[in-house]
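Undergrad: Hey, dropping model_3.cif in here, mmCIF, C-alpha atoms:
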```
data_model
#
loop_
_atom_site.label_atom_id
_atom_site.label_comp_id
_atom_site.auth_asym_id
_atom_site.auth_seq_id
_atom_site.Cartn_x
_atom_site.Cartn_y
_atom_site.Cartn_z
CA MET A 1 165.89 -159.18 52.27
CA SER A 2 169.10 -157.54 53.47
CA LYS A 3 172.24 -159.48 54.30
CA ARG A 4 171.84 -158.65 58.02
CA VAL A 5 168.24 -159.92 58.21
CA ASN A 6 169.27 -163.09 56.37
CA LEU A 7 172.02 -163.71 58.90
CA LEU A 8 169.66 -163.26 61.85
CA PHE A 9 167.16 -165.66 60.28
CA LEU A 10 169.78 -168.37 59.84
CA LYS A 11 170.93 -168.04 63.40
CA THR A 12 167.38 -168.42 64.65
CA LYS A 13 166.96 -171.61 62.62
CA ARG A 14 170.12 -172.97 64.24
CA GLY A 15 168.39 -172.59 67.58
CA LEU A 16 170.59 -169.83 69.02
CA TYR A 17 169.24 -167.53 71.69
CA LEU A 18 170.28 -164.53 69.62
CA SER A 19 167.79 -163.06 67.15
CA MET A 20 167.37 -159.30 67.50
CA PRO A 21 169.39 -158.06 70.51
CA GLY A 22 167.19 -154.99 71.13
CA ILE A 23 164.00 -157.08 71.42
CA ALA A 24 165.70 -159.77 73.50
CA LYS A 25 167.14 -157.19 75.87
CA ARG A 26 163.76 -155.48 76.27
CA LYS A 27 162.07 -158.78 77.09
CA TYR A 28 164.80 -159.61 79.61
CA VAL A 29 164.44 -156.23 81.32
CA GLU A 30 160.64 -156.59 81.40
CA GLU A 31 161.00 -160.02 82.95
CA ILE A 32 163.30 -158.64 85.68
CA MET A 33 160.85 -155.84 86.43
CA ARG A 34 157.94 -158.28 86.76
CA PHE A 35 159.95 -160.58 88.98
CA ASN A 36 161.17 -157.73 91.18
CA LYS A 37 157.57 -156.59 91.58
CA SER A 38 156.51 -160.10 92.67
CA LEU A 39 159.02 -159.91 95.55
CA LYS A 40 157.70 -156.66 97.04
CA ARG A 41 155.06 -158.30 99.23
CA PRO A 42 157.36 -161.05 100.58
CA LEU A 43 160.04 -158.47 101.38
CA LYS A 44 157.56 -156.18 103.16
CA GLN A 45 156.55 -159.13 105.32
CA ILE A 46 160.22 -159.81 106.09
CA ILE A 47 160.76 -156.17 107.07
CA GLU A 48 157.84 -156.33 109.51
CA VAL A 49 159.49 -159.15 111.50
CA LEU A 50 163.08 -157.88 111.59
CA PRO A 51 164.78 -157.88 115.03
CA TYR A 52 165.91 -154.71 116.81
CA ASN A 53 169.37 -154.88 115.26
CA TYR A 54 169.60 -156.24 111.75
CA ASP A 55 171.91 -156.19 108.75
CA ALA A 56 172.02 -157.55 105.21
CA ASP A 57 172.68 -161.10 106.42
CA THR A 58 169.62 -160.93 108.69
CA ILE A 59 167.32 -160.03 105.80
CA LEU A 60 168.86 -162.59 103.47
CA THR A 61 168.69 -165.39 106.05
CA LEU A 62 165.04 -164.69 106.87
CA PHE A 63 164.14 -164.53 103.19
CA LYS A 64 165.80 -167.89 102.48
CA GLU A 65 164.00 -169.44 105.46
CA LEU A 66 160.52 -168.05 104.82
CA TYR A 67 160.55 -167.88 101.02
CA PRO A 68 162.77 -170.80 99.94
CA PHE A 69 161.11 -171.25 96.55
CA GLU A 70 161.42 -167.56 95.72
CA TRP A 71 165.11 -167.77 96.64
CA GLN A 72 165.42 -170.92 94.54
CA THR A 73 163.95 -168.99 91.62
CA ILE A 74 166.54 -166.22 92.06
CA ASP A 75 169.33 -168.79 92.05
CA GLN A 76 167.91 -170.73 89.09
CA ARG A 77 167.45 -167.53 87.06
CA TYR A 78 171.11 -166.76 87.65
CA GLN A 79 172.18 -170.26 86.53
CA LEU A 80 169.87 -170.17 83.49
CA TYR A 81 171.11 -166.84 82.12
CA LYS A 82 174.70 -167.66 82.99
CA GLU A 83 174.39 -170.77 80.78
CA LYS A 84 172.82 -168.72 77.99
CA ASP A 85 175.77 -166.31 78.07
CA LYS A 86 178.15 -169.29 77.97
CA PHE A 87 176.32 -170.59 74.92
CA LEU A 88 176.54 -167.23 73.14
CA ALA A 89 180.27 -166.97 73.93
CA LYS A 90 180.81 -170.51 72.62
CA GLN A 91 179.13 -169.50 69.35
CA GLY A 92 181.46 -166.51 69.04
CA GLU A 93 178.70 -164.02 69.91
CA LYS A 94 178.74 -161.25 72.48
CA ILE A 95 177.37 -162.26 75.85
CA ARG A 96 174.08 -160.54 76.56
CA TYR A 97 172.65 -161.13 80.01
CA ARG A 98 175.51 -160.89 82.54
CA PRO A 99 173.31 -162.04 85.45
CA GLU A 100 174.26 -160.75 88.85
CA PHE A 101 175.30 -163.24 91.55
CA PRO A 102 172.13 -164.16 93.55
CA GLU A 103 173.19 -162.64 96.89
CA ASN A 104 174.35 -159.43 95.22
CA TRP A 105 171.19 -159.22 93.11
CA PHE A 106 169.01 -159.67 96.19
CA LEU A 107 170.83 -157.01 98.22
CA ASN A 108 170.59 -154.57 95.30
CA LEU A 109 166.80 -154.76 95.19
CA PRO A 110 165.48 -151.22 95.84
CA ILE A 111 163.34 -152.24 98.82
CA VAL A 112 166.29 -154.06 100.44
CA LYS A 113 168.70 -151.18 99.81
CA THR A 114 166.23 -148.78 101.37
CA CYS A 115 165.78 -151.03 104.39
CA LEU A 116 169.55 -151.12 104.95
CA LYS A 117 169.93 -147.34 105.08
CA ASP A 118 170.89 -145.91 108.48
CA SER A 119 167.75 -143.75 108.51
CA SER A 120 165.54 -146.81 108.00
CA LYS A 121 167.31 -148.70 110.77
CA GLU A 122 166.85 -145.80 113.19
CA ARG A 123 163.17 -145.49 112.33
CA HIS A 124 162.79 -149.23 112.87
CA LYS A 125 164.37 -149.02 116.33
CA LYS A 126 162.08 -146.17 117.43
CA ASN A 127 158.96 -148.16 116.56
CA PHE A 128 160.31 -151.54 117.69
CA SER A 129 158.41 -153.76 120.12
CA GLU A 130 160.07 -157.06 121.01
CA ASN A 131 156.77 -158.77 121.90
CA THR A 132 155.10 -157.63 118.69
CA GLN A 133 158.12 -158.69 116.63
CA LYS A 134 158.14 -162.17 118.17
CA GLU A 135 154.39 -162.59 117.66
CA ASN A 136 154.56 -161.42 114.04
CA LEU A 137 157.56 -163.65 113.29
CA SER A 138 155.87 -166.68 114.84
CA GLU A 139 152.67 -166.00 112.90
CA LEU A 140 154.52 -165.51 109.61
CA ARG A 141 156.55 -168.71 110.11
CA LEU A 142 153.37 -170.68 110.69
CA LYS A 143 151.69 -169.16 107.65
CA ARG A 144 154.70 -169.71 105.43
CA LYS A 145 155.13 -173.30 106.62
CA LYS A 146 151.69 -174.16 105.24
CA SER A 147 152.55 -172.61 101.87
CA ILE A 148 155.98 -174.25 101.74
CA ASP A 149 154.58 -177.67 102.68
CA LYS A 150 151.88 -177.34 100.02
CA LYS A 151 154.46 -176.49 97.36
CA ASN A 152 156.74 -179.32 98.50
CA ASP A 153 153.84 -181.77 98.25
CA LYS A 154 153.13 -180.70 94.68
CA ILE A 155 156.76 -181.14 93.67
CA GLU A 156 156.97 -184.47 95.47
CA ASN A 157 153.88 -185.72 93.63
CA ALA A 158 155.36 -184.60 90.31
CA THR A 159 158.73 -186.25 90.96
CA GLU A 160 157.78 -189.37 92.93
CA LEU A 161 158.14 -191.68 89.91
CA MET A 162 161.29 -189.99 88.58
CA GLN A 163 164.67 -191.59 89.17
CA ASN A 164 167.40 -189.32 90.51
CA ILE A 165 170.17 -190.71 88.32
CA GLU A 166 171.61 -190.13 84.87
CA PRO A 167 171.04 -193.19 82.62
CA LEU A 168 173.99 -194.25 80.49
CA TYR A 169 171.93 -194.01 77.29
CA ILE A 170 170.75 -190.42 77.81
CA ASP A 171 173.16 -188.99 75.21
CA VAL A 172 171.91 -191.53 72.65
CA PHE A 173 168.33 -190.41 73.27
CA ILE A 174 169.16 -186.71 73.04
CA ALA A 175 171.10 -187.27 69.79
CA ALA A 176 168.15 -189.24 68.39
CA TYR A 177 165.79 -186.37 69.24
CA HIS A 178 167.85 -183.91 67.17
CA LYS A 179 168.21 -186.26 64.20
CA LYS A 180 167.08 -184.64 60.94
CA GLY A 181 163.60 -185.63 59.79
CA ILE A 182 162.47 -187.06 63.12
CA LYS A 183 158.67 -187.35 63.43
CA THR A 184 156.60 -185.75 66.21
CA GLU A 185 155.60 -189.13 67.65
CA ARG A 186 159.25 -190.15 68.02
CA LYS A 187 160.07 -186.79 69.64
CA ILE A 188 157.29 -187.29 72.20
CA GLU A 189 158.50 -190.82 72.88
CA ILE A 190 162.01 -189.54 73.66
CA PHE A 191 160.55 -186.68 75.71
CA LYS A 192 158.57 -189.12 77.85
CA GLU A 193 161.62 -191.32 78.36
CA LEU A 194 163.83 -188.45 79.55
CA GLN A 195 160.98 -187.17 81.71
CA LYS A 196 161.55 -190.22 83.93
CA TYR A 197 164.96 -188.98 85.06
CA ASN A 198 165.76 -186.02 87.27
CA CYS A 199 169.34 -185.20 86.28
CA ASP A 200 171.32 -182.26 84.89
CA LYS A 201 171.29 -183.50 81.29
CA SER A 202 167.53 -184.09 81.19
CA ILE A 203 166.82 -180.71 82.83
CA THR A 204 169.10 -178.92 80.34
CA PHE A 205 167.37 -180.80 77.51
CA PHE A 206 163.92 -179.60 78.63
CA TYR A 207 165.12 -176.02 78.99
CA LYS A 208 166.42 -176.12 75.40
CA LEU A 209 163.07 -177.50 74.19
CA ASN A 210 161.24 -174.70 75.99
CA ASP A 211 163.56 -172.17 74.32
CA SER A 212 163.81 -173.45 70.78
CA GLU A 213 161.50 -176.41 69.98
CA ARG A 214 159.28 -175.29 67.12
CA ASN A 215 156.48 -177.78 67.74
CA ASN A 216 153.95 -176.03 69.99
CA GLN A 217 152.80 -179.17 71.79
CA ILE A 218 156.29 -180.33 72.78
CA ARG A 219 157.45 -176.84 73.76
CA GLN A 220 154.49 -176.53 76.12
CA MET A 221 155.12 -180.03 77.48
CA ALA A 222 158.68 -178.97 78.35
CA PHE A 223 157.41 -175.81 80.09
CA PHE A 224 154.82 -177.62 82.21
CA HIS A 225 157.26 -180.40 83.13
CA LEU A 226 159.91 -177.95 84.36
CA GLN A 227 157.30 -175.92 86.20
CA SER A 228 155.81 -179.00 87.90
CA ILE A 229 159.16 -180.10 89.33
CA GLY A 230 159.85 -176.65 90.82
CA ARG A 231 162.14 -175.20 88.15
CA TYR A 232 162.14 -171.56 87.10
CA VAL A 233 160.94 -171.37 83.52
CA LYS A 234 159.18 -168.95 81.15
CA LEU A 235 156.73 -170.18 78.54
CA ARG A 236 158.00 -169.07 75.18
CA LYS A 237 155.33 -167.78 72.84
CA GLY A 238 154.70 -169.42 69.48
CA PHE A 239 157.01 -168.57 66.60
CA LYS A 240 155.81 -165.80 64.32
CA GLY A 241 155.35 -166.04 60.59
CA ASN A 242 153.93 -168.82 58.47
CA LYS A 243 153.30 -172.00 60.44
CA LYS A 244 154.76 -175.19 59.06
CA SER A 245 152.84 -178.43 59.54
CA TYR A 246 155.42 -179.82 62.00
CA MET A 247 154.91 -176.76 64.23
CA THR A 248 151.20 -177.36 64.78
CA GLU A 249 151.17 -181.15 64.54
CA LYS A 250 149.92 -182.95 67.66
CA ASN A 251 150.22 -186.53 68.83
CA ASP A 252 148.41 -188.16 71.76
CA PHE A 253 151.00 -190.96 71.99
CA ILE A 254 148.50 -193.71 72.78
CA MET A 255 150.51 -196.92 72.94
CA THR A 256 150.02 -200.61 73.74
CA PRO A 257 152.28 -203.50 74.80
CA LYS A 258 152.30 -204.65 71.16
CA ASP A 259 153.61 -201.23 70.07
CA LEU A 260 156.43 -201.47 72.61
CA MET A 261 157.33 -204.98 71.53
CA LYS A 262 157.70 -203.77 67.94
CA LYS A 263 159.82 -200.82 69.03
CA ILE A 264 162.19 -202.99 71.06
CA GLU A 265 162.55 -205.51 68.23
CA SER A 266 163.29 -202.77 65.69
CA ASN A 267 166.25 -200.41 65.85
CA ASN A 268 164.24 -198.02 68.03
CA ILE A 269 165.50 -196.09 71.05
CA GLN A 270 163.69 -198.66 73.21
CA SER A 271 166.25 -201.25 72.08
CA LYS A 272 169.11 -199.04 73.35
CA LYS A 273 168.08 -199.19 77.00
CA ILE A 274 170.20 -200.88 79.66
CA PHE A 275 169.09 -201.32 83.28
CA ASP A 276 171.23 -202.11 86.30
CA LEU A 277 168.37 -203.90 88.01
CA PHE A 278 165.00 -205.31 86.98
CA ILE A 279 162.80 -205.03 90.06
CA SER A 280 160.54 -208.07 90.35
CA HIS A 281 157.73 -207.28 92.76
CA SER A 282 154.01 -207.28 93.41
CA SER A 283 152.07 -204.22 92.27
CA LYS A 284 150.39 -204.31 95.68
CA ASP A 285 153.73 -203.20 97.14
CA SER A 286 154.01 -200.09 94.93
CA SER A 287 154.58 -197.66 97.83
CA LEU A 288 157.41 -199.82 99.13
CA VAL A 289 158.96 -200.21 95.68
CA LYS A 290 159.06 -196.41 95.18
CA LYS A 291 161.11 -196.10 98.37
CA ILE A 292 163.41 -198.96 97.38
CA ILE A 293 164.09 -197.32 94.01
CA LYS A 294 165.09 -194.10 95.82
CA GLY A 295 167.48 -196.13 97.96
CA LEU A 296 168.98 -197.78 94.88
CA ASN A 297 169.33 -194.40 93.14
CA LYS A 298 171.67 -193.34 95.95
CA HIS A 299 174.04 -195.95 94.53
CA SER A 300 173.55 -194.50 90.99
CA LEU A 301 171.62 -197.59 89.86
CA ASN A 302 169.13 -197.31 87.00
CA ASN A 303 166.17 -199.55 87.82
CA TYR A 304 163.44 -201.08 85.70
CA CYS A 305 159.95 -201.12 87.18
CA ASP A 306 157.19 -201.92 84.67
CA TRP A 307 154.58 -199.38 85.85
CA THR A 308 157.09 -196.51 85.92
CA SER A 309 159.69 -197.39 83.26
CA ASP A 310 157.09 -198.43 80.66
CA SER A 311 154.04 -196.59 81.98
CA ASP A 312 153.03 -195.34 78.50
CA PHE A 313 152.85 -198.89 77.11
CA LEU A 314 152.19 -201.48 79.85
CA LYS A 315 148.77 -200.39 81.07
CA ARG A 316 146.96 -202.78 83.41
CA GLU A 317 143.85 -202.87 81.24
CA LEU A 318 145.95 -203.93 78.22
CA VAL A 319 147.73 -206.92 79.77
CA SER A 320 148.23 -209.60 77.10
CA ASP A 321 150.77 -212.04 75.72
CA TYR A 322 152.61 -209.02 74.38
CA THR A 323 153.13 -207.83 77.96
CA ARG A 324 154.93 -211.09 78.72
CA ILE A 325 157.10 -210.71 75.60
CA VAL A 326 158.00 -207.12 76.54
CA LEU A 327 158.99 -208.16 80.07
CA LYS A 328 161.27 -210.83 78.62
CA LYS A 329 162.92 -208.16 76.46
CA ARG A 330 163.41 -205.90 79.47
CA LEU A 331 164.82 -208.80 81.52
CA ILE A 332 167.39 -209.33 78.75
CA GLN A 333 168.28 -205.61 78.92
CA ALA A 334 168.82 -205.82 82.70
CA LYS A 335 172.22 -206.64 84.20
CA ALA A 336 170.67 -208.21 87.31
CA LEU A 337 167.33 -209.08 88.88
CA LEU A 338 166.14 -207.85 92.27
CA VAL A 339 163.27 -209.72 93.87
CA VAL A 340 161.39 -207.78 96.53
CA ARG A 341 160.21 -210.67 98.66
CA THR A 342 156.97 -209.87 100.53
CA PRO A 343 153.77 -211.77 101.41
CA ASN A 344 152.31 -210.28 98.21
CA SER A 345 155.18 -211.09 95.86
CA ILE A 346 155.52 -214.77 96.86
CA GLN A 347 151.94 -215.23 95.60
CA SER A 348 152.49 -213.33 92.35
CA ASP A 349 152.50 -215.33 89.11
CA TRP A 350 154.34 -212.47 87.41
CA VAL A 351 157.18 -212.54 89.94
CA ASP A 352 157.42 -216.29 89.47
CA PHE A 353 157.53 -215.88 85.68
CA GLU A 354 160.20 -213.14 85.84
CA LEU A 355 162.39 -215.11 88.24
CA LYS A 356 162.27 -218.34 86.23
CA TYR A 357 163.05 -216.56 82.96
CA PHE A 358 165.90 -214.53 84.45
CA LYS A 359 167.46 -217.65 85.94
CA SER A 360 167.60 -219.08 82.41
CA LEU A 361 169.70 -216.08 81.38
CA GLY A 362 172.33 -216.92 83.98
CA LYS A 363 172.76 -213.37 85.26
CA PRO A 364 173.13 -212.21 88.92
CA LEU A 365 170.17 -212.47 91.31
CA PHE A 366 169.52 -210.19 94.29
CA CYS A 367 166.84 -210.26 96.94
CA ILE A 368 165.39 -207.94 99.57
CA ASN A 369 163.74 -210.43 101.89
CA LEU A 370 161.04 -208.73 103.97
CA ILE A 371 159.52 -212.01 105.12
CA GLY A 372 162.52 -213.33 107.02
CA ASP A 373 162.34 -216.90 105.78
CA GLU A 374 165.10 -218.97 104.18
CA ILE A 375 165.99 -218.01 100.59
CA GLU A 376 168.00 -219.80 97.92
CA LYS A 377 171.78 -219.45 98.16
CA GLU A 378 172.04 -218.27 94.55
CA PHE A 379 170.69 -214.87 95.70
CA SER A 380 172.90 -212.05 96.93
CA VAL A 381 171.04 -210.44 99.83
CA LEU A 382 170.36 -206.72 100.13
CA GLU A 383 169.19 -205.12 103.36
CA TYR A 384 166.64 -202.31 103.14
CA ASP A 385 166.38 -199.78 105.97
CA GLU A 386 162.97 -198.12 105.64
CA SER A 387 163.72 -195.42 108.24
CA ASN A 388 166.24 -193.66 105.98
CA GLU A 389 165.58 -195.45 102.66
CA THR A 390 169.06 -196.93 102.42
CA ILE A 391 170.14 -200.26 100.93
CA LYS A 392 173.32 -202.25 101.53
CA LEU A 393 174.70 -205.62 100.46
CA VAL A 394 174.84 -208.02 103.40
CA ALA A 395 175.48 -211.42 101.76
CA PHE A 396 176.90 -212.67 98.47
CA ALA A 397 175.38 -215.48 96.44
CA VAL A 398 176.92 -218.90 96.91
CA LYS A 399 177.90 -220.51 93.62
#
```
With the file now loaded, output its structure as structure tokens.

TA:
Amino acid sequence: MSKRVNLLFLKTKRGLYLSMPGIAKRKYVEEIMRFNKSLKRPLKQIIEVLPYNYDADTILTLFKELYPFEWQTIDQRYQLYKEKDKFLAKQGEKIRYRPEFPENWFLNLPIVKTCLKDSSKERHKKNFSENTQKENLSELRLKRKKSIDKKNDKIENATELMQNIEPLYIDVFIAAYHKKGIKTERKIEIFKELQKYNCDKSITFFYKLNDSERNNQIRQMAFFHLQSIGRYVKLRKGFKGNKKSYMTEKNDFIMTPKDLMKKIESNNIQSKKIFDLFISHSSKDSSLVKKIIKGLNKHSLNNYCDWTSDSDFLKRELVSDYTRIVLKKRLIQAKALLVVRTPNSIQSDWVDFELKYFKSLGKPLFCINLIGDEIEKEFSVLEYDESNETIKLVAFAVK
């Protein structure tokens, strides 16, 4: 093997984007050509509804309005390849992609450039009918609204249990993932933990897995996760050459409350977690709790909710004494307790158990009282506004 081939092999093992520049460049160009082709139909529909007088801004504005996800893809592609060039430069390599700024890239598309020619504008004016244009635009807006709403619903379903904050321990988890000799099960555990947070560091982490993770199962998990939450991503094909066992190994990650208890008690990543609030509530109020968590995220608070934070372990059909032990561990890891007081929660034995145990820890207590009755003075009171999902402190605890 030549010295040059050896060097390229080592760089690939280090996880760099650079392997063989000619092949990488060809794939990049092919990707651009496929993407440009996918925009031809949307752009033709935009051209058919242009007003009598139009310019570049008119086309761009209509495209952003009627094809927001396609525009988002253009912008995300730019950000993705810009970051890859930054990475190459940081490693002392030549930058490769030089992505064009989204607006400039869009206006340089052949079909857009043609549309902006004076001859095209004159031809458009000769055949222009204001009534037809208004009808076509109205029809296209209605049609696109259905598609946009459908896509938004899919993304909302995929992200409804994700918290929009960056947990303090995220760097610890990412470092643990890249630790030498880590097993596939542990990698999947960390993956599933970071999957619960929609933040820049977790998104960057999943992009890196999609690019360079050598285990097929995890690489595909990263691809499907990014795709489900509306991110632009390409599925990288499997690595060529002889397959190592860790590349094809699979793990179903079937866990129980007992497994989680053991992980928390050992020096596992589960023992590194810290929560701003443990949300004590009735499972019957799950829809309400989802909204409350969103309101708390606006204050950058990381919240523990058993059926989201520990969804892989605390399954309803596996409730046992171990579940109670795990909840005690999580209560210890929480800085404060928030009781969501509803007709359902005041009848819940679990809420009663959580409250009594947390009181024994002597840490702060908060309450969102949706019943309106008198509550103990040791609670600080939070007010929840359902109309805009906002939360504010309205009364401090009396000590």

Undergrad: Which residues, written as a compact mmCIF listing (two decimals) with C-alpha atoms, in the frame of the given file, have at least one atom at most 10 Å from Phe191 of chain A, with only C-alpha atoms counted and residues fewer than 2 positions away on the same chain left out?

TA:
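result35.txt written:
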```txt
# COMPACT_ATOMS: atom_id res chain seq x y z
CA PHE A 173 168.33 -190.41 73.27
CA ILE A 174 169.16 -186.71 73.04
CA TYR A 177 165.79 -186.37 69.24
CA GLU A 185 155.60 -189.13 67.65
CA ARG A 186 159.25 -190.15 68.02
CA LYS A 187 160.07 -186.79 69.64
CA ILE A 188 157.29 -187.29 72.20
CA GLU A 189 158.50 -190.82 72.88
CA GLU A 193 161.62 -191.32 78.36
CA LEU A 194 163.83 -188.45 79.55
CA GLN A 195 160.98 -187.17 81.71
CA LYS A 196 161.55 -190.22 83.93
CA SER A 202 167.53 -184.09 81.19
CA PHE A 205 167.37 -180.80 77.51
CA PHE A 206 163.92 -179.60 78.63
CA LEU A 209 163.07 -177.50 74.19
CA ILE A 218 156.29 -180.33 72.78
CA MET A 221 155.12 -180.03 77.48
CA ALA A 222 158.68 -178.97 78.35
```

Undergrad: Applying 12 Å and only C-alpha atoms, which residues near Glu135 of chain A remain after dropping the ones on its own chain fewer than 6 positions away? List them as a list in words.

TA: Glu48, Val49, Leu50, Pro51, Ser129, Arg141 and Leu142 of chain A

Undergrad: Please write as a PyMOL selection string the full residue list that the PyMOL selection byres ((chain A and resi 198) around 9) yields on this file.

TA: chain A and resi 159+162-166+194-197+199-203

Undergrad: Check which residues of segment 203-312 of chain A sit at most 10 Å from segment 381-390 of chain A using only C-alpha atoms, and return one row each with the closest pair of atoms and their distance in Å to one decimal, ordered by chain and rising number, as a tab-separated table.

TA:
```
residue	atom	partner	partner_atom	distance
A:Leu288	CA	A:Glu386	CA	8.7
A:Lys290	CA	A:Glu389	CA	10.0
A:Lys291	CA	A:Glu389	CA	6.2
A:Ile292	CA	A:Glu389	CA	6.7
A:Ile293	CA	A:Glu389	CA	9.0
A:Lys294	CA	A:Glu389	CA	7.0
A:Gly295	CA	A:Thr390	CA	4.8
A:Leu296	CA	A:Thr390	CA	7.6
A:Asn297	CA	A:Thr390	CA	9.6
A:Lys298	CA	A:Thr390	CA	7.8
A:His299	CA	A:Thr390	CA	9.4
```

Undergrad: When the PyMOL selection byres ((chain A and resi 66) around 9) is applied to the file above, which residues end up in the set, as an NGL selection string?

TA: :A and (42 or 46 or 61-65 or 67-69 or 140-141 or 144-145 or 148)

Undergrad: Atom CA of Leu161 of chain A and atom CA of Asp312 of chain A, how far apart in Å?

TA: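 Those two atoms sit 13.0 Å apart.
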
Undergrad: Selected by the PyMOL selection byres ((chain A and resi 82-90) around 10) in the shown coordinates: which residues, as a list in words?

TA: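 For this structure, the PyMOL selection byres ((chain A and resi 82-90) around 10) captures Leu16, Tyr17, Leu18, Gln76, Arg77, Tyr78, Gln79, Leu80, Tyr81, Gln91, Gly92, Glu93, Lys94, Ile95, Arg96, Tyr97, Arg98, Pro99, Glu100, Phe101 and Thr204 of chain A.
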
Undergrad: For the atom pair atom CA of Ala176 of chain A and atom CA of Asn267 of chain A, what is the interatomic distance in Å to one decimal place?

TA: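 So the answer is 11.6 Å.
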
Undergrad: Here is a test: counting all atoms listed in the file, which residue of A:Gln333, A:Asn251, A:Ser228, A:Ser245 is nearest to Ser271 of chain A?

TA: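 So, comparing all the options, the nearest one is A:Gln333.
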
Undergrad: As an exercise, work out the distance from atom CA of Lys40 of chain A to atom CA of Ile111 of chain A in Å and give it to one decimal place.

TA: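 For atom CA of Lys40 of chain A relative to atom CA of Ile111 of chain A, the distance reads 7.4 Å.
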
Undergrad: When you count all atoms listed in the file, which of these residues is closest to Lys315 of chain A: A:Ile274, A:Leu260, A:Leu301, A:Ala395?

TA: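 Checking each of A:Ile274, A:Leu260, A:Leu301, A:Ala395 against Lys315 of chain A, counting all atoms listed in the file, the winner is A:Leu260.
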